[in-house]
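Have a look at entry_37.cif below; it lists mmCIF, C-alpha atoms (C1' of nucleotides).
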data_model
loop_
_atom_site.label_atom_id
_atom_site.label_comp_id
_atom_site.auth_asym_id
_atom_site.auth_seq_id
_atom_site.Cartn_x
_atom_site.Cartn_y
_atom_site.Cartn_z
CA MET T 1 14.48 48.30 0.12
CA THR T 2 14.10 48.95 -3.61
CA ASP T 3 13.78 46.16 -6.13
CA LYS T 4 17.23 46.76 -7.62
CA LYS T 5 18.93 46.90 -4.24
CA GLU T 6 17.53 43.48 -3.43
CA LYS T 7 18.63 42.16 -6.81
CA ILE T 8 22.17 43.32 -6.04
CA LEU T 9 22.10 41.53 -2.69
CA ASN T 10 20.85 38.30 -4.23
CA ALA T 11 23.36 38.37 -7.07
CA ALA T 12 26.21 39.15 -4.70
CA LEU T 13 25.17 36.39 -2.31
CA GLU T 14 25.16 33.80 -5.06
CA LEU T 15 28.47 34.92 -6.58
CA PHE T 16 30.27 35.37 -3.27
CA ALA T 17 29.12 31.93 -2.13
CA GLN T 18 30.10 30.32 -5.42
CA ASP T 19 33.37 32.01 -6.30
CA GLY T 20 34.40 33.74 -3.09
CA PHE T 21 34.39 37.41 -2.12
CA LYS T 22 37.77 38.46 -3.46
CA ALA T 23 37.32 36.56 -6.71
CA THR T 24 34.00 38.25 -7.48
CA SER T 25 34.22 41.66 -9.16
CA THR T 26 31.64 44.36 -8.64
CA ASN T 27 31.22 44.41 -12.40
CA LYS T 28 30.11 40.77 -12.32
CA VAL T 29 27.65 41.43 -9.52
CA ALA T 30 26.15 44.36 -11.42
CA ARG T 31 25.78 42.36 -14.63
CA LYS T 32 24.16 39.44 -12.83
CA ALA T 33 21.78 41.79 -11.04
CA GLY T 34 20.97 43.63 -14.28
CA VAL T 35 22.06 46.93 -12.80
CA SER T 36 24.68 49.59 -13.42
CA GLU T 37 27.90 49.08 -11.49
CA GLY T 38 27.63 52.51 -9.92
CA LEU T 39 24.41 51.60 -8.16
CA ILE T 40 26.25 49.11 -5.97
CA PHE T 41 28.30 51.93 -4.51
CA ARG T 42 25.29 54.22 -4.20
CA HIS T 43 23.59 51.64 -2.00
CA PHE T 44 26.50 49.97 -0.20
CA GLU T 45 29.34 52.51 -0.40
CA SER T 46 32.00 49.89 -1.07
CA LYS T 47 32.40 46.26 -2.09
CA ASP T 48 33.13 45.49 1.53
CA GLY T 49 29.97 47.30 2.56
CA LEU T 50 28.03 44.98 0.29
CA LEU T 51 29.60 41.98 1.99
CA GLN T 52 28.82 43.38 5.43
CA ALA T 53 25.17 43.85 4.48
CA ILE T 54 24.97 40.19 3.48
CA ILE T 55 26.76 39.02 6.62
CA GLN T 56 24.46 41.10 8.83
CA GLU T 57 21.46 39.46 7.23
CA GLY T 58 23.17 36.15 8.02
CA GLU T 59 23.53 37.08 11.68
CA LYS T 60 19.81 37.82 11.83
CA ARG T 61 18.99 34.43 10.40
CA ALA T 62 21.38 32.73 12.81
CA LYS T 63 19.70 34.41 15.75
CA VAL T 64 16.27 33.19 14.64
CA LEU T 65 17.65 29.71 14.13
CA PHE T 66 19.37 29.62 17.52
CA ALA T 67 16.47 31.21 19.43
CA ASP T 68 14.30 28.16 18.87
CA ILE T 69 17.04 25.98 20.35
CA VAL T 70 17.90 28.18 23.30
CA LEU T 71 14.24 28.30 24.40
CA GLU T 72 13.88 24.53 24.23
CA HIS T 73 13.55 22.83 27.62
CA ASP T 74 13.84 19.18 26.63
CA PRO T 75 17.61 18.49 26.54
CA LYS T 76 17.23 15.73 23.95
CA LEU T 77 15.42 18.14 21.65
CA VAL T 78 18.15 20.75 22.11
CA ILE T 79 20.64 18.26 20.73
CA GLU T 80 18.36 17.09 17.96
CA LYS T 81 17.46 20.60 16.88
CA THR T 82 21.10 21.63 16.85
CA LEU T 83 21.92 18.79 14.52
CA ASN T 84 18.93 19.71 12.39
CA ILE T 85 20.55 23.07 11.65
CA LEU T 86 22.38 21.20 8.92
CA PHE T 87 19.11 20.32 7.22
CA ASN T 88 17.92 23.87 7.63
CA MET T 89 20.99 24.91 5.63
CA MET T 90 19.89 22.62 2.81
CA ALA T 91 16.27 23.84 2.79
CA ASP T 92 16.46 25.75 -0.50
CA GLU T 93 19.09 27.16 -2.82
CA THR T 94 19.04 30.62 -1.29
CA ALA T 95 19.47 29.20 2.20
CA ALA T 96 22.23 26.93 0.97
CA ASN T 97 24.11 29.87 -0.57
CA PHE T 98 23.56 31.84 2.55
CA TRP T 99 25.14 29.38 4.94
CA LYS T 100 27.81 28.35 2.53
CA LEU T 101 28.93 31.96 2.33
CA GLN T 102 28.92 32.29 6.10
CA HIS T 103 31.25 29.31 6.41
CA LYS T 104 33.38 30.27 3.43
CA ILE T 105 33.88 33.82 4.57
CA LYS T 106 35.20 32.65 7.91
CA TRP T 107 38.30 31.40 6.14
CA GLU T 108 38.65 34.47 3.92
CA THR T 109 38.35 36.94 6.78
CA GLU T 110 39.73 34.58 9.45
CA GLN T 111 36.96 35.61 11.80
CA TYR T 112 34.92 32.88 13.44
CA GLY T 113 32.48 35.10 15.30
CA GLU T 114 32.60 33.28 18.63
CA HIS T 115 29.93 35.52 20.12
CA LYS T 116 27.36 34.22 17.63
CA VAL T 117 27.84 30.62 18.79
CA GLU T 118 28.02 31.43 22.48
CA PRO T 119 24.27 31.10 23.24
CA LEU T 120 24.22 27.78 21.41
CA ILE T 121 27.12 26.50 23.52
CA MET T 122 25.26 27.59 26.65
CA ALA T 123 22.11 25.79 25.59
CA LEU T 124 24.08 22.64 24.79
CA THR T 125 26.01 22.79 28.07
CA ASN T 126 22.71 23.05 29.91
CA ALA T 127 21.23 20.15 27.96
CA PHE T 128 24.18 17.85 28.62
CA GLU T 129 24.09 18.77 32.28
CA LYS T 130 20.41 17.76 32.49
CA LEU T 131 21.29 14.50 30.82
CA GLY T 132 23.87 13.78 33.50
CA VAL T 133 26.95 14.04 31.32
CA GLU T 134 30.13 14.26 33.38
CA ASN T 135 31.70 17.28 31.74
CA PRO T 136 28.81 19.11 30.06
CA GLN T 137 30.80 22.17 29.02
CA MET T 138 33.48 20.16 27.26
CA GLU T 139 30.81 18.01 25.68
CA ALA T 140 29.09 21.14 24.36
CA LYS T 141 32.33 22.44 22.87
CA LEU T 142 32.94 19.06 21.32
CA PHE T 143 29.49 19.24 19.80
CA THR T 144 30.18 22.58 18.11
CA LEU T 145 33.37 21.03 16.79
CA LEU T 146 31.24 18.32 15.26
CA MET T 147 28.90 20.87 13.73
CA ASP T 148 31.84 22.65 12.12
CA GLY T 149 33.13 19.40 10.70
CA LEU T 150 29.66 18.60 9.47
CA ALA T 151 29.41 21.91 7.63
CA THR T 152 32.87 21.55 6.14
CA GLN T 153 32.22 18.14 4.67
CA PHE T 154 28.65 18.99 3.69
CA TYR T 155 29.84 21.82 1.49
CA LEU T 156 33.11 20.39 0.24
CA VAL T 157 32.76 16.62 0.01
CA LYS T 158 31.02 15.37 -3.09
CA GLU T 159 28.32 12.78 -2.38
CA PHE T 160 28.52 13.50 1.33
CA ASP T 161 25.83 11.44 3.04
CA ALA T 162 24.47 14.11 5.38
CA HIS T 163 21.39 12.14 6.44
CA GLY T 164 23.38 9.01 7.18
CA ILE T 165 25.98 10.75 9.31
CA VAL T 166 23.49 12.92 11.16
CA SER T 167 21.24 10.00 12.06
CA TYR T 168 24.31 8.10 13.26
CA ILE T 169 25.26 11.02 15.47
CA LYS T 170 21.69 11.23 16.75
CA SER T 171 21.80 7.54 17.67
CA LYS T 172 25.06 8.12 19.53
CA TYR T 173 23.59 10.99 21.52
CA ARG T 174 20.34 9.18 22.35
CA PHE T 175 20.77 8.71 26.09
CA MET A 1 66.39 24.26 -6.15
CA THR A 2 68.09 27.66 -6.18
CA ASP A 3 68.16 29.90 -3.18
CA LYS A 4 65.79 32.43 -4.73
CA LYS A 5 63.32 29.78 -5.87
CA GLU A 6 63.03 28.58 -2.29
CA LYS A 7 62.61 32.14 -1.06
CA ILE A 8 59.70 32.55 -3.45
CA LEU A 9 58.08 29.36 -2.16
CA ASN A 10 58.45 30.42 1.46
CA ALA A 11 57.13 33.93 0.85
CA ALA A 12 54.19 32.60 -1.16
CA LEU A 13 53.35 30.01 1.48
CA GLU A 14 53.24 32.60 4.21
CA LEU A 15 51.20 35.11 2.20
CA PHE A 16 48.77 32.58 0.75
CA ALA A 17 48.17 31.12 4.21
CA GLN A 18 47.71 34.55 5.76
CA ASP A 19 45.73 36.45 3.16
CA GLY A 20 44.48 33.77 0.78
CA PHE A 21 45.55 32.84 -2.73
CA LYS A 22 43.40 35.22 -4.73
CA ALA A 23 44.06 38.13 -2.42
CA THR A 24 47.84 37.76 -2.72
CA SER A 25 49.43 39.41 -5.76
CA THR A 26 52.54 38.08 -7.43
CA ASN A 27 54.05 41.51 -6.88
CA LYS A 28 53.64 41.09 -3.12
CA VAL A 29 55.22 37.64 -3.21
CA ALA A 30 58.19 38.95 -5.17
CA ARG A 31 58.74 41.86 -2.81
CA LYS A 32 58.53 39.63 0.26
CA ALA A 33 60.96 37.16 -1.31
CA GLY A 34 63.33 39.95 -2.34
CA VAL A 35 63.16 38.91 -5.95
CA SER A 36 61.99 40.33 -9.26
CA GLU A 37 58.39 39.55 -10.15
CA GLY A 38 59.41 37.96 -13.44
CA LEU A 39 61.43 35.30 -11.66
CA ILE A 40 58.22 33.81 -10.26
CA PHE A 41 57.04 33.09 -13.79
CA ARG A 42 60.44 31.84 -14.89
CA HIS A 43 60.33 29.18 -12.17
CA PHE A 44 56.61 28.42 -11.86
CA GLU A 45 55.13 29.53 -15.18
CA SER A 46 51.99 31.02 -13.61
CA LYS A 47 50.60 32.12 -10.27
CA ASP A 48 48.55 28.94 -10.22
CA GLY A 49 51.71 26.92 -10.91
CA LEU A 50 53.24 28.46 -7.81
CA LEU A 51 50.24 27.38 -5.76
CA GLN A 52 50.38 23.87 -7.19
CA ALA A 53 54.06 23.57 -6.25
CA ILE A 54 53.20 24.46 -2.66
CA ILE A 55 50.21 22.14 -2.54
CA GLN A 56 52.24 19.25 -3.94
CA GLU A 57 54.77 19.74 -1.18
CA GLY A 58 51.82 19.61 1.21
CA GLU A 59 50.62 16.32 -0.20
CA LYS A 60 54.05 14.84 0.36
CA ARG A 61 53.98 15.91 3.99
CA ALA A 62 50.47 14.51 4.41
CA LYS A 63 51.56 11.16 3.05
CA VAL A 64 54.44 10.94 5.51
CA LEU A 65 52.13 11.92 8.34
CA PHE A 66 49.47 9.39 7.37
CA ALA A 67 51.90 6.57 6.65
CA ASP A 68 52.89 6.38 10.29
CA ILE A 69 49.24 6.00 11.24
CA VAL A 70 48.29 3.50 8.55
CA LEU A 71 51.16 1.21 9.53
CA GLU A 72 50.21 1.28 13.19
CA HIS A 73 48.81 -2.01 14.52
CA ASP A 74 47.61 -0.94 17.95
CA PRO A 75 44.08 0.47 17.37
CA LYS A 76 44.30 2.80 20.34
CA LEU A 77 47.50 4.28 18.96
CA VAL A 78 45.86 4.78 15.56
CA ILE A 79 43.25 6.97 17.21
CA GLU A 80 45.75 8.78 19.38
CA LYS A 81 48.13 9.45 16.52
CA THR A 82 45.32 10.73 14.35
CA LEU A 83 44.37 13.24 17.01
CA ASN A 84 48.01 14.18 17.38
CA ILE A 85 48.00 15.40 13.78
CA LEU A 86 46.65 18.63 15.23
CA PHE A 87 49.77 19.08 17.35
CA ASN A 88 51.92 18.28 14.36
CA MET A 89 50.22 21.23 12.64
CA MET A 90 51.37 23.47 15.46
CA ALA A 91 54.97 22.20 15.53
CA ASP A 92 56.54 25.33 14.02
CA GLU A 93 55.47 28.40 12.08
CA THR A 94 56.24 26.89 8.68
CA ALA A 95 54.23 23.76 9.47
CA ALA A 96 51.40 25.89 10.78
CA ASN A 97 51.30 27.95 7.58
CA PHE A 98 51.47 24.80 5.55
CA TRP A 99 48.42 23.16 7.07
CA LYS A 100 46.51 26.36 7.36
CA LEU A 101 46.91 26.87 3.64
CA GLN A 102 45.75 23.33 2.93
CA HIS A 103 42.56 23.92 4.89
CA LYS A 104 42.03 27.42 3.57
CA ILE A 105 42.50 26.44 -0.03
CA LYS A 106 39.79 23.80 0.31
CA TRP A 107 37.23 26.56 0.62
CA GLU A 108 38.75 28.70 -2.10
CA THR A 109 38.87 25.90 -4.66
CA GLU A 110 35.94 23.95 -3.17
CA GLN A 111 37.91 20.73 -3.47
CA TYR A 112 38.24 18.56 -0.40
CA GLY A 113 40.56 15.94 -1.86
CA GLU A 114 38.72 12.87 -0.58
CA HIS A 115 41.36 10.54 -1.95
CA LYS A 116 43.97 11.98 0.38
CA VAL A 117 41.92 11.15 3.47
CA GLU A 118 40.81 7.71 2.25
CA PRO A 119 43.76 5.73 3.71
CA LEU A 120 43.24 7.46 7.05
CA ILE A 121 39.55 6.51 7.06
CA MET A 122 40.52 2.91 6.29
CA ALA A 123 43.00 2.83 9.16
CA LEU A 124 40.45 4.31 11.53
CA THR A 125 37.72 1.90 10.40
CA ASN A 126 40.10 -0.97 11.04
CA ALA A 127 41.02 0.38 14.45
CA PHE A 128 37.40 0.81 15.56
CA GLU A 129 36.60 -2.68 14.33
CA LYS A 130 39.40 -4.13 16.45
CA LEU A 131 38.04 -2.22 19.42
CA GLY A 132 34.64 -3.84 18.94
CA VAL A 133 32.74 -0.72 17.92
CA GLU A 134 29.35 -1.57 16.42
CA ASN A 135 29.57 0.51 13.26
CA PRO A 136 33.31 1.05 12.69
CA GLN A 137 32.95 2.67 9.27
CA MET A 138 30.50 5.29 10.47
CA GLU A 139 32.62 5.86 13.55
CA ALA A 140 35.64 6.47 11.34
CA LYS A 141 33.76 8.98 9.19
CA LEU A 142 32.56 10.69 12.33
CA PHE A 143 36.14 10.91 13.48
CA THR A 144 37.26 12.69 10.32
CA LEU A 145 34.37 15.07 10.86
CA LEU A 146 35.80 15.78 14.28
CA MET A 147 39.24 16.36 12.83
CA ASP A 148 37.80 18.88 10.35
CA GLY A 149 36.01 20.69 13.13
CA LEU A 150 39.18 20.64 15.18
CA ALA A 151 41.17 22.22 12.36
CA THR A 152 38.50 24.85 11.72
CA GLN A 153 38.38 26.04 15.29
CA PHE A 154 42.12 25.71 15.79
CA TYR A 155 42.81 28.15 12.97
CA LEU A 156 39.85 30.48 13.35
CA VAL A 157 38.91 30.63 17.02
CA LYS A 158 41.03 32.93 19.12
CA GLU A 159 42.24 31.37 22.35
CA PHE A 160 41.09 27.95 21.22
CA ASP A 161 42.16 25.43 23.86
CA ALA A 162 43.54 22.74 21.56
CA HIS A 163 45.19 20.69 24.31
CA GLY A 164 42.09 20.73 26.50
CA ILE A 165 39.72 19.63 23.77
CA VAL A 166 42.06 17.01 22.36
CA SER A 167 42.72 15.42 25.73
CA TYR A 168 38.97 15.38 26.37
CA ILE A 169 38.42 13.60 23.06
CA LYS A 170 41.19 11.16 23.93
CA SER A 171 39.52 10.37 27.23
CA LYS A 172 36.24 9.74 25.41
CA TYR A 173 37.89 7.34 22.98
CA ARG A 174 39.83 5.49 25.66
CA PHE A 175 38.05 2.12 25.57
"C1'" DT K 1 89.00 28.76 -23.23
"C1'" DA K 2 84.58 28.53 -25.77
"C1'" DC K 3 79.85 27.71 -25.76
"C1'" DA K 4 75.21 26.65 -24.08
"C1'" DT K 5 72.03 26.73 -20.51
"C1'" DT K 6 70.08 28.48 -16.62
"C1'" DT K 7 69.13 32.28 -13.50
"C1'" DG K 8 67.90 36.80 -12.85
"C1'" DC K 9 66.24 41.68 -13.55
"C1'" DA K 10 63.86 46.00 -15.21
"C1'" DA K 11 60.66 47.71 -17.86
"C1'" DG K 12 57.25 46.89 -20.11
"C1'" DT K 13 52.05 44.79 -21.77
"C1'" DG K 14 46.79 44.88 -22.07
"C1'" DA K 15 43.17 43.66 -19.15
"C1'" DT K 16 40.71 44.19 -15.02
"C1'" DT K 17 40.02 46.22 -10.55
"C1'" DA K 18 37.17 49.08 -7.13
"C1'" DC K 19 35.40 53.27 -7.24
"C1'" DT K 20 33.92 58.33 -8.87
"C1'" DC K 21 31.49 61.74 -11.28
"C1'" DA K 22 28.26 64.33 -13.92
"C1'" DC K 23 24.07 63.70 -15.18
"C1'" DT K 24 19.01 62.10 -15.74
"C1'" DA K 25 14.55 59.75 -14.00
"C1'" DT K 26 11.59 58.84 -10.42
"C1'" DT K 27 9.35 59.56 -6.29
"C1'" DA K 28 7.24 62.13 -2.56
"C1'" DA K 29 6.25 65.65 0.30
"C1'" DA K 30 4.88 71.15 0.61
"C1'" DT S 1 3.04 72.64 -9.17
"C1'" DT S 2 7.37 73.64 -7.33
"C1'" DT S 3 11.16 71.58 -4.58
"C1'" DA S 4 14.10 68.29 -2.69
"C1'" DA S 5 15.64 63.97 -2.10
"C1'" DT S 6 16.49 59.50 -3.68
"C1'" DA S 7 17.37 55.97 -7.38
"C1'" DG S 8 19.74 54.95 -11.35
"C1'" DT S 9 23.02 55.31 -15.36
"C1'" DG S 10 27.20 55.18 -18.28
"C1'" DA S 11 31.46 56.82 -19.12
"C1'" DG S 12 35.14 57.79 -16.91
"C1'" DT S 13 39.49 57.22 -13.28
"C1'" DA S 14 44.12 55.69 -11.39
"C1'" DA S 15 45.81 51.66 -9.59
"C1'" DT S 16 46.69 47.02 -9.71
"C1'" DC S 17 46.51 42.55 -11.86
"C1'" DA S 18 49.01 38.36 -13.99
"C1'" DC S 19 52.14 37.91 -17.24
"C1'" DT S 20 55.91 38.92 -21.26
"C1'" DT S 21 60.04 40.46 -23.32
"C1'" DG S 22 64.89 41.64 -24.13
"C1'" DC S 23 69.02 41.41 -22.27
"C1'" DA S 24 72.72 40.66 -18.84
"C1'" DA S 25 75.03 37.84 -15.35
"C1'" DA S 26 76.11 33.48 -13.53
"C1'" DT S 27 76.92 28.68 -14.04
"C1'" DG S 28 77.94 24.44 -15.95
"C1'" DT S 29 80.39 21.56 -19.52
"C1'" DA S 30 83.48 20.25 -23.33
#
Translate this file's structure into structure tokens.
Amino acid sequence: MTDKKEKILNAALELFAQDGFKATSTNKVARKAGVSEGLIFRHFESKDGLLQAIIQEGEKRAKVLFADIVLEHDPKLVIEKTLNILFNMMADETAANFWKLQHKIKWETEQYGEHKVEPLIMALTNAFEKLGVENPQMEAKLFTLLMDGLATQFYLVKEFDAHGIVSYIKSKYRF
Amino acid sequence: MTDKKEKILNAALELFAQDGFKATSTNKVARKAGVSEGLIFRHFESKDGLLQAIIQEGEKRAKVLFADIVLEHDPKLVIEKTLNILFNMMADETAANFWKLQHKIKWETEQYGEHKVEPLIMALTNAFEKLGVENPQMEAKLFTLLMDGLATQFYLVKEFDAHGIVSYIKSKYRF
DNA sequence: TACATTTGCAAGTGATTACTCACTATTAAA
DNA sequence: TTTAATAGTGAGTAATCACTTGCAAATGTA
């Protein structure tokens, strides 16, 4: 990975997350990265290729994030850690852009990527079962619904009180 | 409202909801509507004006939908009717496109439109209070979170079991 | 009828789009 | 040191973009 290639990725990530994929021109990306426009196509073939590279990196990060949860034995911690994903998304500006883009792009491409969430649903189902919940699978699905709503409002609602809501949810799920 | 003006609105609604606002060219809209491209600008001034016209129509529909809930006295019915909004969004193809666009456009413009949801949150808060919930305001906010998650998965997850999830939620909120 | 307004179209406009191409600079093995 | 591959540039390209203009047809109104 050359220096300029990484600069392209970073610039693209920020612009795609801010303005959207379609609304961001390759010219803009090149200027922000301090690079000739042609270099984008040398490295990524097409504008879509550039997006795919960013999304792939996102999948990697998601796997790392989910792995810690899937391996967790304590059901209460599975739930808590899942909710903490939201705070992980706020960690720093790069991370924030990263996850914002992942959510944003879902609506632009209309692809949710069910397979990515599947292991998380399994882990949650297992956790709820251990906790004696009547319908653990439904409860797990409901929980992912909540996470989606959380992300939506976190990114789109001004002055959204993430900490307040999350700690309220945690108190509700404290068995 | 002339016949052709309405055809433009319908074509634009469908295309914007399917492919997104930025990704849809005025040329495409005109061709789908069976109309000259110039006519779009005669009636709506700009591409953005066309979008605004559609969104305004959406706000009207939202008001009608919410009014029925806000005026409801029975707290259980407030909750049930709120959840039923999802089924209202599935009523017919036009309605589906309408609400899909409203959700999609949130991410493209990054504006959630808090003020629109405010009366619904008030109604829900009131309902939860009547039902003796400890923290009715938080519970109401949590409920809108759920509704956002519901919409997200309804539009983006293939084979999403809307009826199953909604009836599960209803059973959870049956006090 | 006469006149004014609205509705509509076809053929433009300059700007911007994603992408290509011919070429040079740098790096790294042989 | 020669050779080959990779990294990088800058000036193109045709196509598409939102939008304008001039003029004709339809419609309302007195």
What are the residues of chain A lining chain T at 6 Å or less? Count all atoms listed in the file, and put the answer as a ChimeraX atom specification. /A:110,112,145-146,148-149,156-157
I'd like the contact shell of segment 7-10 of chain K - 9 Å cut-off, all atoms listed in the file, skipping same-chain residues fewer than 2 positions apart - returned as a VMD selection string. (chain A and resid 2 35 to 39 42) or (chain K and resid 12) or (chain S and resid 24 to 27)
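One finds atom CA of Phe160 of chain A at 28.5 Å from atom CA of Leu51 of chain A.
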Could you tell me, as a ChimeraX atom specification, exactly which residues end up selected when the PyMOL selection byres ((chain S) within 8 of (chain T)) is applied to this structure? /S:8-10
I'd like the interatomic distance between atom CA of Ile55 of chain T and atom C1' of DA5 of chain S, to a tenth of an Å. 28.7 Å
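With all atoms listed in the file as the basis for measurement, A:Gly34 is the residue among A:Val117, A:Asp92, A:Gly34, A:Ala12 that approaches chain K most closely.
Checking A:Glu57, A:Lys63, A:Ala30, A:Asn10 one by one against chain K, counting only C-alpha atoms (C1' of nucleotides), you find the shortest gap at A:Ala30.
Here atom CA of Ala95 of chain T stands at a distance of 10.3 Å from atom CA of Glu14 of chain T.
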What are the nearest atom pairs, with distances in Å to one decimal, for all residues of chain T that come at most 8 Å from chain K, using all atoms listed in the file, set out by chain and rising residue number as a tab-separated table?
residue	atom	partner	partner_atom	distance
T:Ser25	CA	K:DT17	C1'	7.5
T:Thr26	CA	K:DA18	C1'	7.4
T:Phe41	CA	K:DC19	C1'	7.7
T:Ser46	CA	K:DC19	C1'	7.8
T:Lys47	CA	K:DA18	C1'	7.5
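Listed by chain and then by number, the residues chosen by the PyMOL selection byres ((chain A and resi 76) around 12) in this file are Ile69, Glu72, His73, Asp74, Pro75, Leu77, Val78, Ile79, Glu80, Lys81, Thr82, Leu83, Ala123, Leu124, Thr125, Asn126, Ala127, Phe128, Glu129, Lys130, Leu131, Gly132, Lys170, Ser171, Lys172, Tyr173, Arg174 and Phe175 of chain A.
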Just need the box for segment 162-170 of chain T, edges along x, y and z, holding every atom the file lists for it with 3 Å tacked onto each side, so centre and edge lengths in Å to one decimal, as JSON.
{"center_x": 23.6, "center_y": 11.1, "center_z": 11.1, "size_x": 10.7, "size_y": 12.0, "size_z": 17.4}
Assuming the chain letters and numbering stay as they are in my file, what does the PyMOL selection byres ((chain A and resi 98) around 9) actually select? List them as an MDAnalysis selection string. chainID A and resid 13:14 17 54:55 58 89 93:97 99:103
Fix up segment 125-145 of chain A with N, CA and C atoms, then write it as a tab-separated table (two decimals), in the coordinates of the input.
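The new file selection19.tsv reads:
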chain	number	residue	atom	x	y	z
A	125	THR	N	38.77	2.92	10.45
A	125	THR	CA	37.72	1.90	10.40
A	125	THR	C	38.25	0.60	11.00
A	126	ASN	N	39.43	0.25	10.55
A	126	ASN	CA	40.10	-0.97	11.04
A	126	ASN	C	40.30	-0.93	12.56
A	127	ALA	N	40.75	0.22	13.02
A	127	ALA	CA	41.02	0.38	14.45
A	127	ALA	C	39.74	0.22	15.26
A	128	PHE	N	38.67	0.87	14.82
A	128	PHE	CA	37.40	0.81	15.56
A	128	PHE	C	36.83	-0.61	15.55
A	129	GLU	N	37.08	-1.29	14.44
A	129	GLU	CA	36.60	-2.68	14.33
A	129	GLU	C	37.30	-3.53	15.39
A	130	LYS	N	38.63	-3.37	15.46
A	130	LYS	CA	39.40	-4.13	16.45
A	130	LYS	C	38.92	-3.84	17.87
A	131	LEU	N	38.48	-2.61	18.09
A	131	LEU	CA	38.04	-2.22	19.42
A	131	LEU	C	36.61	-2.64	19.71
A	132	GLY	N	35.98	-3.31	18.71
A	132	GLY	CA	34.64	-3.84	18.94
A	132	GLY	C	33.53	-2.82	18.84
A	133	VAL	N	33.80	-1.71	18.13
A	133	VAL	CA	32.74	-0.72	17.92
A	133	VAL	C	31.71	-1.28	16.95
A	134	GLU	N	30.44	-0.98	17.20
A	134	GLU	CA	29.35	-1.57	16.42
A	134	GLU	C	29.43	-1.23	14.94
A	135	ASN	N	29.54	0.06	14.66
A	135	ASN	CA	29.57	0.51	13.26
A	135	ASN	C	30.90	1.22	12.97
A	136	PRO	N	31.96	0.44	12.78
A	136	PRO	CA	33.31	1.05	12.69
A	136	PRO	C	33.46	2.03	11.54
A	137	GLN	N	32.79	1.77	10.42
A	137	GLN	CA	32.95	2.67	9.27
A	137	GLN	C	32.35	4.04	9.55
A	138	MET	N	31.15	4.03	10.11
A	138	MET	CA	30.50	5.29	10.47
A	138	MET	C	31.31	6.03	11.52
A	139	GLU	N	31.82	5.26	12.48
A	139	GLU	CA	32.62	5.86	13.55
A	139	GLU	C	33.87	6.53	12.98
A	140	ALA	N	34.45	5.90	11.97
A	140	ALA	CA	35.64	6.47	11.34
A	140	ALA	C	35.30	7.77	10.61
A	141	LYS	N	34.19	7.75	9.89
A	141	LYS	CA	33.76	8.98	9.19
A	141	LYS	C	33.49	10.09	10.19
A	142	LEU	N	32.84	9.71	11.26
A	142	LEU	CA	32.56	10.69	12.33
A	142	LEU	C	33.85	11.29	12.86
A	143	PHE	N	34.86	10.44	12.95
A	143	PHE	CA	36.14	10.91	13.48
A	143	PHE	C	36.81	11.93	12.55
A	144	THR	N	36.69	11.71	11.26
A	144	THR	CA	37.26	12.69	10.32
A	144	THR	C	36.48	14.00	10.39
A	145	LEU	N	35.20	13.89	10.64
A	145	LEU	CA	34.37	15.07	10.86
A	145	LEU	C	34.92	15.88	12.01
